[in-house]
Amino acid sequence: TGRFEDKSRILRIISALVVLLFFYMRPRSVGLYTEKIFFRIWLVTFICISLDIFSVIMITNREFFPHWLLSFVCKSYPVSLVCVSFAGLTYVLTDLYKIQDYRKIVHRLLVLPALAAVIIYALPIHYFQNGNVIYTYGPSIVATYAFAVAMMSLTVGCIIRFRRRGNPRRKLAVLIWMGIWFIAAAVQFLVNELLLVGFASSLGVAALFVMLENPESNMDRSFGCFNSHALQAFLKQCF
């Protein structure tokens with residue numbers, strides 16, 4: 001979870017995500033399926049960082065909470081990390097299959113985060129608090145890193161396997177996101193008190209927004225209507 005004094009930094013990260021959502025929702029939407037997937041990524045990331053804050057608060061004041069509630073909240077945060085990595089995988093797959101096939105494949109792949117959640121909730125978790133340094137550790141956290149790395153590896157494998165299909169900018173954006181996230185996770189795994197994973201998640205969402213999902217790129221500024229790029233993307237989804 002990280003240092004208690006870093007809660008203000010987490011709040012700034014959440015504020016940045018809220019501002020990002022404002023700019024994303026303000027213009028009119030074309031109705032592309034990737035827009036829905038991007039919103040899911042934003043939502044899962046927002047929940048993940050919020051759970052990070054709640055876990056820090058509950059560990060700090062654990063004498064006021066029942067043990068089962070403390071364990072549930074602290075384990076829900078690593079489960080949400082796995083869900084973020086799974087969302088990245090589903091985002092890559094949007095370009096590789098038709099919508100009907102995409103939904104079938106994603107429904108089958110849902111067994112991965114479901115299995116991860118069952119294992120993470122079943123394994124024990126421990127809490128460390130020494131002054132302002134607070135974090136969780138134990139088998140549950142180790143399982144989280146294992147599933148997150150496996151999910152990221154599967155995402156990168158899909159990008160390499162289908163490198164000639166789909167939007168190359170989407171693949172590049174996801175690779176940048178996964179790279180930042182992997183480095184942050186590795187550093188936090190070695191130095192538990194450093195709070196980097198939440199920041200890396202929000203930075204990945206920002207990268208997706210700037211490179212791919214900025215709705216202003218679909219608008220003609222002179223006339224206020226959708227441009228030819230939006231038309232091409234919409235027709236590609238239809239056919």
# chains A, B, ... in the order shown; residues from 1 in each chain; ligands from 1

$ select_by_dssp --residues "range 127-196 of chain A" --states "helix (DSSP H, G or I)" --output "NGL selection string"
:A and (139-161 or 168-190)

$ write_last_selection --atoms "N, CA and C atoms" --output "CSV table (one decimal), in the first residue's frame"
chain,number,residue,atom,x,y,z
A,139,PRO,N,1.6,-14.4,1.2
A,139,PRO,CA,1.2,-15.2,0.1
A,139,PRO,C,0.2,-14.5,-0.9
A,140,SER,N,-0.8,-13.8,-0.3
A,140,SER,CA,-1.8,-13.2,-1.1
A,140,SER,C,-1.2,-12.1,-2.1
A,141,ILE,N,-0.2,-11.4,-1.6
A,141,ILE,CA,0.5,-10.4,-2.4
A,141,ILE,C,1.4,-11.0,-3.4
A,142,VAL,N,2.1,-12.1,-3.0
A,142,VAL,CA,2.9,-12.8,-4.0
A,142,VAL,C,2.1,-13.3,-5.1
A,143,ALA,N,0.9,-13.9,-4.8
A,143,ALA,CA,0.0,-14.4,-5.9
A,143,ALA,C,-0.5,-13.3,-6.8
A,144,THR,N,-0.7,-12.1,-6.2
A,144,THR,CA,-1.1,-10.9,-7.0
A,144,THR,C,0.0,-10.6,-8.0
A,145,TYR,N,1.2,-10.5,-7.6
A,145,TYR,CA,2.3,-10.2,-8.6
A,145,TYR,C,2.4,-11.3,-9.6
A,146,ALA,N,2.2,-12.5,-9.2
A,146,ALA,CA,2.3,-13.6,-10.2
A,146,ALA,C,1.2,-13.5,-11.3
A,147,PHE,N,0.0,-13.3,-10.9
A,147,PHE,CA,-1.1,-13.2,-11.8
A,147,PHE,C,-1.0,-11.9,-12.7
A,148,ALA,N,-0.5,-10.8,-12.1
A,148,ALA,CA,-0.4,-9.6,-12.8
A,148,ALA,C,0.7,-9.7,-13.9
A,149,VAL,N,1.8,-10.3,-13.5
A,149,VAL,CA,2.9,-10.6,-14.5
A,149,VAL,C,2.4,-11.5,-15.6
A,150,ALA,N,1.7,-12.5,-15.2
A,150,ALA,CA,1.2,-13.5,-16.2
A,150,ALA,C,0.2,-12.8,-17.2
A,151,MET,N,-0.6,-11.9,-16.7
A,151,MET,CA,-1.6,-11.2,-17.5
A,151,MET,C,-0.9,-10.2,-18.5
A,152,MET,N,0.2,-9.5,-17.9
A,152,MET,CA,0.9,-8.6,-18.8
A,152,MET,C,1.7,-9.4,-19.8
A,153,SER,N,2.2,-10.5,-19.5
A,153,SER,CA,3.0,-11.4,-20.5
A,153,SER,C,2.0,-11.8,-21.6
A,154,LEU,N,0.8,-12.2,-21.2
A,154,LEU,CA,-0.2,-12.6,-22.2
A,154,LEU,C,-0.5,-11.4,-23.1
A,155,THR,N,-0.6,-10.2,-22.6
A,155,THR,CA,-0.9,-9.1,-23.4
A,155,THR,C,0.2,-8.8,-24.4
A,156,VAL,N,1.4,-8.8,-23.9
A,156,VAL,CA,2.6,-8.6,-24.8
A,156,VAL,C,2.7,-9.7,-25.8
A,157,GLY,N,2.4,-10.9,-25.4
A,157,GLY,CA,2.4,-12.1,-26.3
A,157,GLY,C,1.4,-11.9,-27.5
A,158,CYS,N,0.2,-11.4,-27.1
A,158,CYS,CA,-0.8,-11.1,-28.2
A,158,CYS,C,-0.3,-10.0,-29.1
A,159,ILE,N,0.3,-9.0,-28.6
A,159,ILE,CA,0.8,-7.9,-29.4
A,159,ILE,C,1.9,-8.5,-30.4
A,160,ILE,N,2.8,-9.3,-29.9
A,160,ILE,CA,3.8,-9.9,-30.8
A,160,ILE,C,3.2,-10.8,-31.8
A,161,ARG,N,2.3,-11.7,-31.3
A,161,ARG,CA,1.7,-12.7,-32.2
A,161,ARG,C,0.9,-12.1,-33.3
A,168,PRO,N,-1.5,-0.1,-34.9
A,168,PRO,CA,-0.1,-0.2,-34.3
A,168,PRO,C,0.0,0.9,-33.2
A,169,ARG,N,-0.7,2.0,-33.2
A,169,ARG,CA,-0.6,3.0,-32.1
A,169,ARG,C,-1.2,2.4,-30.8
A,170,ARG,N,-2.3,1.6,-31.0
A,170,ARG,CA,-2.9,1.0,-29.8
A,170,ARG,C,-1.9,0.0,-29.1
A,171,LYS,N,-1.2,-0.7,-29.9
A,171,LYS,CA,-0.3,-1.7,-29.4
A,171,LYS,C,0.9,-1.0,-28.8
A,172,LEU,N,1.4,0.1,-29.4
A,172,LEU,CA,2.5,0.9,-28.8
A,172,LEU,C,2.0,1.5,-27.5
A,173,ALA,N,0.8,2.1,-27.4
A,173,ALA,CA,0.3,2.7,-26.2
A,173,ALA,C,0.2,1.7,-25.1
A,174,VAL,N,-0.3,0.5,-25.4
A,174,VAL,CA,-0.4,-0.6,-24.3
A,174,VAL,C,1.0,-1.1,-23.9
A,175,LEU,N,1.9,-1.2,-24.9
A,175,LEU,CA,3.3,-1.6,-24.5
A,175,LEU,C,3.9,-0.6,-23.6
A,176,ILE,N,3.7,0.7,-23.8
A,176,ILE,CA,4.3,1.7,-22.9
A,176,ILE,C,3.6,1.6,-21.6
A,177,TRP,N,2.3,1.4,-21.5
A,177,TRP,CA,1.6,1.3,-20.3
A,177,TRP,C,2.1,0.1,-19.5
A,178,MET,N,2.2,-1.1,-20.2
A,178,MET,CA,2.7,-2.3,-19.5
A,178,MET,C,4.1,-2.2,-19.0
A,179,GLY,N,5.0,-1.5,-19.8
A,179,GLY,CA,6.3,-1.3,-19.4
A,179,GLY,C,6.5,-0.4,-18.2
A,180,ILE,N,5.7,0.7,-18.1
A,180,ILE,CA,5.8,1.5,-16.9
A,180,ILE,C,5.2,0.7,-15.7
A,181,TRP,N,4.2,0.0,-15.9
A,181,TRP,CA,3.6,-0.8,-14.9
A,181,TRP,C,4.5,-1.9,-14.3
A,182,PHE,N,5.2,-2.6,-15.3
A,182,PHE,CA,6.0,-3.6,-14.9
A,182,PHE,C,7.2,-3.1,-14.0
A,183,ILE,N,7.8,-2.0,-14.5
A,183,ILE,CA,8.9,-1.4,-13.7
A,183,ILE,C,8.5,-1.0,-12.3
A,184,ALA,N,7.3,-0.3,-12.3
A,184,ALA,CA,6.8,0.1,-11.0
A,184,ALA,C,6.5,-1.0,-10.1
A,185,ALA,N,5.9,-2.1,-10.6
A,185,ALA,CA,5.6,-3.3,-9.8
A,185,ALA,C,6.9,-4.0,-9.3
A,186,ALA,N,7.9,-4.0,-10.2
A,186,ALA,CA,9.2,-4.6,-9.7
A,186,ALA,C,9.8,-3.8,-8.6
A,187,VAL,N,9.8,-2.5,-8.7
A,187,VAL,CA,10.4,-1.7,-7.7
A,187,VAL,C,9.6,-1.8,-6.4
A,188,GLN,N,8.3,-1.8,-6.5
A,188,GLN,CA,7.5,-1.9,-5.3
A,188,GLN,C,7.6,-3.2,-4.6
A,189,PHE,N,7.8,-4.3,-5.4
A,189,PHE,CA,8.0,-5.6,-4.9
A,189,PHE,C,9.3,-5.7,-4.1
A,190,LEU,N,10.3,-5.0,-4.6
A,190,LEU,CA,11.6,-5.0,-3.8
A,190,LEU,C,11.6,-4.1,-2.7

$ select_by_dssp --residues "range 26-148 of chain A" --states "strand (DSSP E or B)" --output "ChimeraX atom specification"
/A:126-130,133-137

$ closest_residue --among "A:Leu196, A:Ile41, A:Met219, A:Leu70" --to "Val56 in chain A" --atoms "only C-alpha atoms"
A:Leu70

$ residues_around --residues "range 104-115 of chain A" --least-positions-apart "5" --cutoff "7 Å" --atoms "only C-alpha atoms" --output "NGL selection string"
:A and (82-83 or 90)
